[in-house]
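Undergrad: One structure is given below, represented as structure tokens, and several questions about it will come after.
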Amino acid sequence: MNALPVRSRHVAGFITLRRSLTNHLVTGVAIISTALVLVPLVAILGYLLFKGASSLNLAFFTHVPVPIGEGGGGMANAIAGSAAILGLASLLGIPLGIGAGVYLAEYARGTWFGAAVRFTADVLNGVPSIVMGLSAYALIVARQQHFSGLAGSVALAIMMVPTVTRTTEEMLATVPNPVREAALGLGIPKWRTVLSVSLRTASPGIITGCMLAFARVAGETAPLLFTAFGNQFWSFDLNQPIAALPLQIYVYALSPYDEWHRLAWAGALVLIVMIMVSVTLVRIFANRGVLKGGH
Amino acid sequence: MKEPEMIPVSSEAKEPAEATPAVVSTPTSWVTPAIPMIKTIVPQPGAGPQTVVRVAPPSEIRNFLQAKSSGRIADGVFTGVMVLCALTIFAIVALIVYVLVSRSQLSIKAFGWHFFATQKWDPVSGDFGALPFIYGTVLSSVLALLMAVPLALAVSIFLLDICPGVLRGPISFLTELLAAIPSVVYGLWGIFVLVPIIRDQAGPVLEKYLGWTGLFVEPNFGVSMFTASVILAIMIFPVISSISRDVMRAVPVNQREAVLALGATRWEMLRIGVLRNARMGIIGSVILGLGRALGETIAVTMVIGNHPGIVKNLFAPGYTLASVIANEFTEATGDLYLSALIEIGLALFLVTIVVNAIARLLVWAVVRQNQGGAH
């Protein structure tokens with residue numbers, strides 16, 4: 001710096017000052033806006049937990065909805081209905097998704113067809129859930145002429161497929177190749193290598209991926225609006241209208257009654273806790289369960 | 001299964017035993033999870049000449065493993081099933097398009113392209129035009145992007161370089177959690193917390209200082225286009241933030257190091273070394289957020305007010321493509337009404353497919369290009 005002529009020393013000093021000011025300014029802006037975002041986000045989460053916890057009681061899990069005017073009541077039928085719809089959706093969606101993921105990771109790595117499948121799955125992932133509901137309506141409800149839990153399950157299953165496919169593929173990709181080669185080198189057929197070696201090694205990650213897909217669709221309301229439709233009474237018949245937790249929350253939240261609002265908050269807490277648990281599990285297992293490294 | 005015999009080998013006999021994969025030596029590893037297999041591959045460097053190598057009779061393992069397989073047929077069947085699963089994904093997309101197109105024929109024939117250019121939505125007289133809903137969807141999504149994008153980018157820059165390591169985990173965990181909260185819960189929160197805040201606290205302030213623009217004019221009932229945009233911004237924030245951070249992280253570290261080595265400050269390093277390299281991916285993440293905002297249904301339906309109309313005032317209630325379907329579908333009477341709603345669904349489907357495809361291509365381009373460069 002001392003070797004520079006005086007004039008340019010001033011200029012250099014000025015530029016350095018401006019640069020470091022800009023640097024500090026941008027750093028400050030980033031920190032402040034992170035704080036600005038995080039505070040409300042934490043507030044939302046805390047408020048949901050607090051409000052839900054103060055509204056929840058045992059009757060919520062054991063009683064069916066009661067008419068307005070009578071106090072109490074719960075969403076037992078909605079929880080059971082949600083479980084039935086989600087169970088069927090998982091049965092339909094998870095095997096399909098895992099199969100497609102296995103195909104992508106074990107058979108189609110680096111091919112254009114694999115890339116096309118992957119791309120379609122990603123795009124399908126972004127399709128609005130209400131459109132899935134419309135399709136299930138047009139496909140099943142309009143033919144059968146009545147609302148049914150089955151149609152809701154199909155809509156949710158379609159939404160699960162892309163998520164499960166992509167996580168399965170990603171988890172299988174972390175299985176080191178020498179493991180497969182060792183199995184194949186023993187003369188084991190490819191299908192058995194895939195089932196007993198690749199899938200088994202990646203299974204913790206795949207299972208948690210399925211749970212994540214499950215948790216995502218568990219909170220979906222839009223696809224159930226005109227498929228499962230909702231029901232105020234006990235029903236396990238998937239061929240008939242059936243109650244579901246998110247639907248019930250939606251209806252109760254828009255109602256004018258305080259008692260129903262309380263039940264809606266309680267339902268929201270149940271949903272959030274379920275999702276929190278599965279997201280936490282995913283984080284734990286995705287980092288620990290699968291073999292890392294390889295050669 | 002029989003336990004493998006333990007055979008002590010001398011140092012000369014050790015060589016071939018180690019050359020074969022050590023998987024052979026433990027047939028039990030096919031039954032237990034495969035983790036122990038990996039560990040046994042690595043030969044112990046410090047082992048003395050008296051090392052005991054487990055050697056199992058190979059014929060037995062082979063018999064066990066091949067017992068349930070009939071070679072080529074089983075392999076072919078398995079491959080076929082997997083290909084079928086993959087093809088199902090194409091089938092699903094094709095089926096959705098087919099079903100929506102065939103069910104909306106009535107409305108497509110009746111209104112043609114005018115459907116998307118007409119303002120009138122009158123179920124009683126059978127006049128349907130989707131323009132107010134398109135306006136509502138575009139306006140609410142763009143407003144949400146305006147609010148969410150700068151904050152999301154600031155947060156991902158913060159997490160990338162400024163944030164101390166201790167905070168990074170919790171913050172990204174919180175973001176993931178918020179992305180997973182169902183939209184009906186956001187809607188519930190919106191009705192009981194956000195709507196009163198915007199009606200009583202934020203509304204008067206905005207009206208006082210920004211009322212002259214004509215965007216914030218009383219009366220303000222809380223349920224409005226503005227409220228919907230705020231809730232959308234909160235919902236798309238995690239999407240944009242997490243994907244843009246992934247893209248920024250995909251930029252090779254040596255790019256950053258090179259810029260720093262030239263004497264750049266942190267901001268210059270981020271601007272030249274990270275943001276410029278990742279700009280396509282960042283745009284992709286913003287478009288992904290846009291796709292999410294366009295299709296968001298329940299939370300928006302709960303707070304937007306559900307009234308068709310094209311007005312400049314953001315405090316007025318609005319309507320979006322998705323929320324008109326959610327709100328009116330079960331009450332729709334008459335085939336033409338249903339068909340018009342399904343046509344709206346078809347339009348929404350096609351638009352989100354295009355938006356998502358563009359976004360994915362951009363994100364992929366950046367990640368792939370940088371992975372190629374890193375190795």
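The way I read the labels, and the way they are meant: chains A, B, ... in the order of the structure tokens, residue 1 as the first residue of every chain, and ligand 1 as the first ligand shown, with later ones counted on from there.
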Write down as a PyMOL selection string the residues belonging to region 252-291 of chain A that are assigned helix (DSSP H, G or I) by DSSP computed on the backbone.
TA: chain A and resi 252-253+258-288
Undergrad: Just want the 12 Å neighbourhood of Val37 (chain A), counted on only C-alpha atoms, with same-chain residues fewer than 2 positions away dropped. Output as a PyMOL selection string.
TA: (chain A and resi 30-35+39-44) or (chain B and resi 147-156+158+171+174-175+178+233-234+237-238+241)
Undergrad: Please produce a file of the residues just selected, as an mmCIF file, in the first residue's frame, where the atoms kept are N, CA and C atoms.
TA:
data_model
loop_
_atom_site.group_PDB
_atom_site.id
_atom_site.type_symbol
_atom_site.label_atom_id
_atom_site.label_comp_id
_atom_site.auth_asym_id
_atom_site.auth_seq_id
_atom_site.Cartn_x
_atom_site.Cartn_y
_atom_site.Cartn_z
ATOM 1 N N ALA A 30 -29.005 -9.731 6.105
ATOM 2 C CA ALA A 30 -29.294 -11.172 6.136
ATOM 3 C C ALA A 30 -29.657 -11.611 7.544
ATOM 4 N N ILE A 31 -28.878 -11.121 8.532
ATOM 5 C CA ILE A 31 -29.157 -11.543 9.910
ATOM 6 C C ILE A 31 -30.507 -11.017 10.368
ATOM 7 N N ILE A 32 -30.763 -9.731 10.076
ATOM 8 C CA ILE A 32 -32.022 -9.137 10.536
ATOM 9 C C ILE A 32 -33.213 -9.823 9.881
ATOM 10 N N SER A 33 -33.100 -10.098 8.556
ATOM 11 C CA SER A 33 -34.280 -10.691 7.934
ATOM 12 C C SER A 33 -34.482 -12.128 8.403
ATOM 13 N N THR A 34 -33.389 -12.837 8.722
ATOM 14 C CA THR A 34 -33.583 -14.176 9.285
ATOM 15 C C THR A 34 -34.330 -14.089 10.606
ATOM 16 N N ALA A 35 -33.922 -13.141 11.431
ATOM 17 C CA ALA A 35 -34.615 -12.971 12.702
ATOM 18 C C ALA A 35 -36.072 -12.592 12.466
ATOM 19 N N VAL A 39 -38.853 -15.273 14.009
ATOM 20 C CA VAL A 39 -39.691 -14.953 15.157
ATOM 21 C C VAL A 39 -41.163 -15.276 14.888
ATOM 22 N N PRO A 40 -41.743 -14.774 13.760
ATOM 23 C CA PRO A 40 -43.134 -15.155 13.505
ATOM 24 C C PRO A 40 -43.318 -16.656 13.296
ATOM 25 N N LEU A 41 -42.340 -17.317 12.657
ATOM 26 C CA LEU A 41 -42.511 -18.746 12.413
ATOM 27 C C LEU A 41 -42.565 -19.523 13.721
ATOM 28 N N VAL A 42 -41.654 -19.176 14.630
ATOM 29 C CA VAL A 42 -41.678 -19.829 15.937
ATOM 30 C C VAL A 42 -42.979 -19.491 16.654
ATOM 31 N N ALA A 43 -43.434 -18.234 16.483
ATOM 32 C CA ALA A 43 -44.667 -17.824 17.131
ATOM 33 C C ALA A 43 -45.845 -18.646 16.617
ATOM 34 N N ILE A 44 -45.901 -18.853 15.293
ATOM 35 C CA ILE A 44 -46.998 -19.640 14.731
ATOM 36 C C ILE A 44 -47.004 -21.038 15.332
ATOM 37 N N MET B 147 -43.342 -10.977 -1.304
ATOM 38 C CA MET B 147 -43.043 -10.956 0.125
ATOM 39 C C MET B 147 -42.033 -12.044 0.494
ATOM 40 N N ALA B 148 -42.172 -13.220 -0.117
ATOM 41 C CA ALA B 148 -41.395 -14.369 0.362
ATOM 42 C C ALA B 148 -39.978 -14.428 -0.219
ATOM 43 N N VAL B 149 -39.821 -14.052 -1.491
ATOM 44 C CA VAL B 149 -38.525 -14.295 -2.147
ATOM 45 C C VAL B 149 -37.357 -13.552 -1.490
ATOM 46 N N PRO B 150 -37.469 -12.232 -1.261
ATOM 47 C CA PRO B 150 -36.302 -11.560 -0.658
ATOM 48 C C PRO B 150 -35.931 -12.152 0.695
ATOM 49 N N LEU B 151 -36.946 -12.433 1.514
ATOM 50 C CA LEU B 151 -36.665 -12.993 2.830
ATOM 51 C C LEU B 151 -36.058 -14.382 2.713
ATOM 52 N N ALA B 152 -36.609 -15.195 1.809
ATOM 53 C CA ALA B 152 -36.101 -16.567 1.683
ATOM 54 C C ALA B 152 -34.653 -16.563 1.221
ATOM 55 N N LEU B 153 -34.334 -15.672 0.269
ATOM 56 C CA LEU B 153 -32.945 -15.616 -0.209
ATOM 57 C C LEU B 153 -32.018 -15.129 0.893
ATOM 58 N N ALA B 154 -32.467 -14.134 1.653
ATOM 59 C CA ALA B 154 -31.633 -13.642 2.754
ATOM 60 C C ALA B 154 -31.371 -14.756 3.751
ATOM 61 N N VAL B 155 -32.407 -15.537 4.045
ATOM 62 C CA VAL B 155 -32.225 -16.615 5.018
ATOM 63 C C VAL B 155 -31.289 -17.678 4.467
ATOM 64 N N SER B 156 -31.406 -17.995 3.160
ATOM 65 C CA SER B 156 -30.509 -19.059 2.679
ATOM 66 C C SER B 156 -29.070 -18.573 2.601
ATOM 67 N N PHE B 158 -27.838 -16.454 4.746
ATOM 68 C CA PHE B 158 -27.454 -16.490 6.162
ATOM 69 C C PHE B 158 -27.035 -17.898 6.566
ATOM 70 N N ILE B 171 -32.407 -24.298 12.646
ATOM 71 C CA ILE B 171 -33.140 -23.437 11.729
ATOM 72 C C ILE B 171 -33.629 -24.221 10.516
ATOM 73 N N LEU B 174 -36.540 -26.377 11.536
ATOM 74 C CA LEU B 174 -37.771 -25.594 11.660
ATOM 75 C C LEU B 174 -38.383 -25.339 10.287
ATOM 76 N N THR B 175 -37.521 -25.026 9.321
ATOM 77 C CA THR B 175 -38.015 -24.778 7.968
ATOM 78 C C THR B 175 -38.693 -26.021 7.401
ATOM 79 N N LEU B 178 -42.075 -26.484 8.983
ATOM 80 C CA LEU B 178 -43.096 -25.560 8.501
ATOM 81 C C LEU B 178 -43.579 -25.939 7.113
ATOM 82 N N ALA B 233 -47.451 -16.429 1.331
ATOM 83 C CA ALA B 233 -46.028 -16.120 1.479
ATOM 84 C C ALA B 233 -45.426 -16.980 2.582
ATOM 85 N N ILE B 234 -46.149 -17.113 3.701
ATOM 86 C CA ILE B 234 -45.638 -17.938 4.800
ATOM 87 C C ILE B 234 -45.506 -19.387 4.350
ATOM 88 N N PHE B 237 -42.524 -19.813 1.695
ATOM 89 C CA PHE B 237 -41.199 -19.448 2.175
ATOM 90 C C PHE B 237 -40.287 -20.659 2.381
ATOM 91 N N PRO B 238 -40.740 -21.721 3.098
ATOM 92 C CA PRO B 238 -39.835 -22.860 3.306
ATOM 93 C C PRO B 238 -39.403 -23.520 2.007
ATOM 94 N N SER B 241 -36.777 -21.229 0.288
ATOM 95 C CA SER B 241 -35.559 -21.133 1.092
ATOM 96 C C SER B 241 -34.758 -22.432 1.038
#
Undergrad: Identify which of the residues B:Gln369, B:Asn220, B:Ser125, B:Ser323 lies closest to chain A, counting only C-alpha atoms when measuring atom-to-atom distances.
TA: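 The shortest atom-to-atom distance to chain A comes from B:Ser323.
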Undergrad: Do a neighbour search on Leu275 (chain B) at 12 Å with only C-alpha atoms, toss out local chain neighbours closer than 3 positions, and write the hits as a list in words.
TA: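 In the requested format, the answer is Leu153, Ala154, Ser156, Ile157, Leu160, Ser244, Arg245, Val247, Met248, Arg249, Ala250, Val251, Gln255, Arg256, Trp267, Glu268, Met269, Leu270, Arg271, Ile272, Ala278, Arg279, Met280, Gly281, Ile282, Ile283 and Val366 of chain B.
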Undergrad: Using only C-alpha atoms, find the one residue out of B:Phe115, B:Phe221, B:Phe349, B:Phe226 that sits nearest to chain A.
TA: B:Phe349
Undergrad: Write out as an mmCIF file with C-alpha atoms, in the first residue's frame each polymer residue whose atoms come within 12 Å of Phe147 (chain A), counting only C-alpha atoms; drop sequence neighbours fewer than 3 positions from it.
TA:
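What ended up in around.cif:
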data_model
loop_
_atom_site.group_PDB
_atom_site.id
_atom_site.type_symbol
_atom_site.label_atom_id
_atom_site.label_comp_id
_atom_site.auth_asym_id
_atom_site.auth_seq_id
_atom_site.Cartn_x
_atom_site.Cartn_y
_atom_site.Cartn_z
ATOM 1 C CA GLY A 133 -59.380 -34.683 -5.907
ATOM 2 C CA ALA A 136 -60.572 -39.051 -8.392
ATOM 3 C CA TYR A 137 -64.063 -37.550 -8.483
ATOM 4 C CA ALA A 138 -64.281 -37.859 -12.255
ATOM 5 C CA LEU A 139 -62.748 -41.325 -12.213
ATOM 6 C CA ILE A 140 -64.655 -42.984 -9.376
ATOM 7 C CA VAL A 141 -67.338 -40.834 -7.768
ATOM 8 C CA ALA A 142 -68.944 -39.789 -11.052
ATOM 9 C CA ARG A 143 -69.150 -43.442 -12.181
ATOM 10 C CA GLN A 144 -70.447 -44.783 -8.878
ATOM 11 C CA LEU A 150 -62.215 -45.346 -1.765
ATOM 12 C CA ALA A 151 -62.054 -42.365 -4.121
ATOM 13 C CA GLY A 152 -60.297 -40.370 -1.399
ATOM 14 C CA SER A 153 -57.778 -43.170 -0.932
ATOM 15 C CA LEU A 224 -61.043 -35.347 0.177
ATOM 16 C CA LEU A 225 -63.592 -32.548 -0.205
ATOM 17 C CA PHE A 226 -65.534 -34.243 -2.963
ATOM 18 C CA THR A 227 -64.318 -37.791 -2.646
ATOM 19 C CA ALA A 228 -64.519 -38.909 0.999
ATOM 20 C CA PHE A 229 -66.906 -35.995 1.673
ATOM 21 C CA GLY A 230 -67.146 -36.454 5.445
ATOM 22 C CA ASN A 231 -69.597 -38.083 7.793
ATOM 23 C CA ASP A 237 -67.323 -48.665 4.912
ATOM 24 C CA LEU A 238 -64.815 -47.354 2.389
ATOM 25 C CA ASN A 239 -67.473 -47.562 -0.307
ATOM 26 C CA GLN A 240 -69.522 -44.876 1.455
ATOM 27 C CA PRO A 241 -68.860 -41.282 2.524
ATOM 28 C CA ILE A 242 -66.480 -41.380 5.450
ATOM 29 C CA ALA A 243 -65.186 -38.844 7.963
ATOM 30 C CA THR B 330 -70.040 -30.015 -4.012
#
Undergrad: Residues at most 9 Å from Val282 (chain A), counting only C-alpha atoms, excluding those fewer than 4 positions away in the same chain, as an NGL selection string?
TA: :A and (205 or 207-209 or 211-212 or 277-278 or 286-287)
Undergrad: From the list A:Val117, A:Val270, A:Met276, A:Met75, which residue is nearest Val161 (chain A) when using only C-alpha atoms?
TA: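 The shortest atom-to-atom distance to Val161 (chain A) comes from A:Val117.
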Undergrad: Do you have the CA of Thr227 (chain B)-CA of Ile198 (chain B) distance handy?
TA: 7.1 Å
Undergrad: Compare B:Leu143, B:Val311, B:Ala365, B:Leu177 by their minimum atom-to-atom distance to chain A, counting only C-alpha atoms, and give me the closest one.
TA: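 For chain A, the nearest of the given residues is B:Leu177.
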Undergrad: As an exercise, work out the distance from CA of Arg360 (chain B) to CA of Val123 (chain A) in Å and give it to one decimal place.
TA: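 Between these atoms lies a distance of 7.6 Å.
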Undergrad: Which residue, A:Ala182, A:Leu199, A:Val154, A:Leu86, has the smallest gap to chain B when you use only C-alpha atoms?
TA: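 Going through A:Ala182, A:Leu199, A:Val154, A:Leu86 one by one, the smallest distance to chain B is for A:Ala182.
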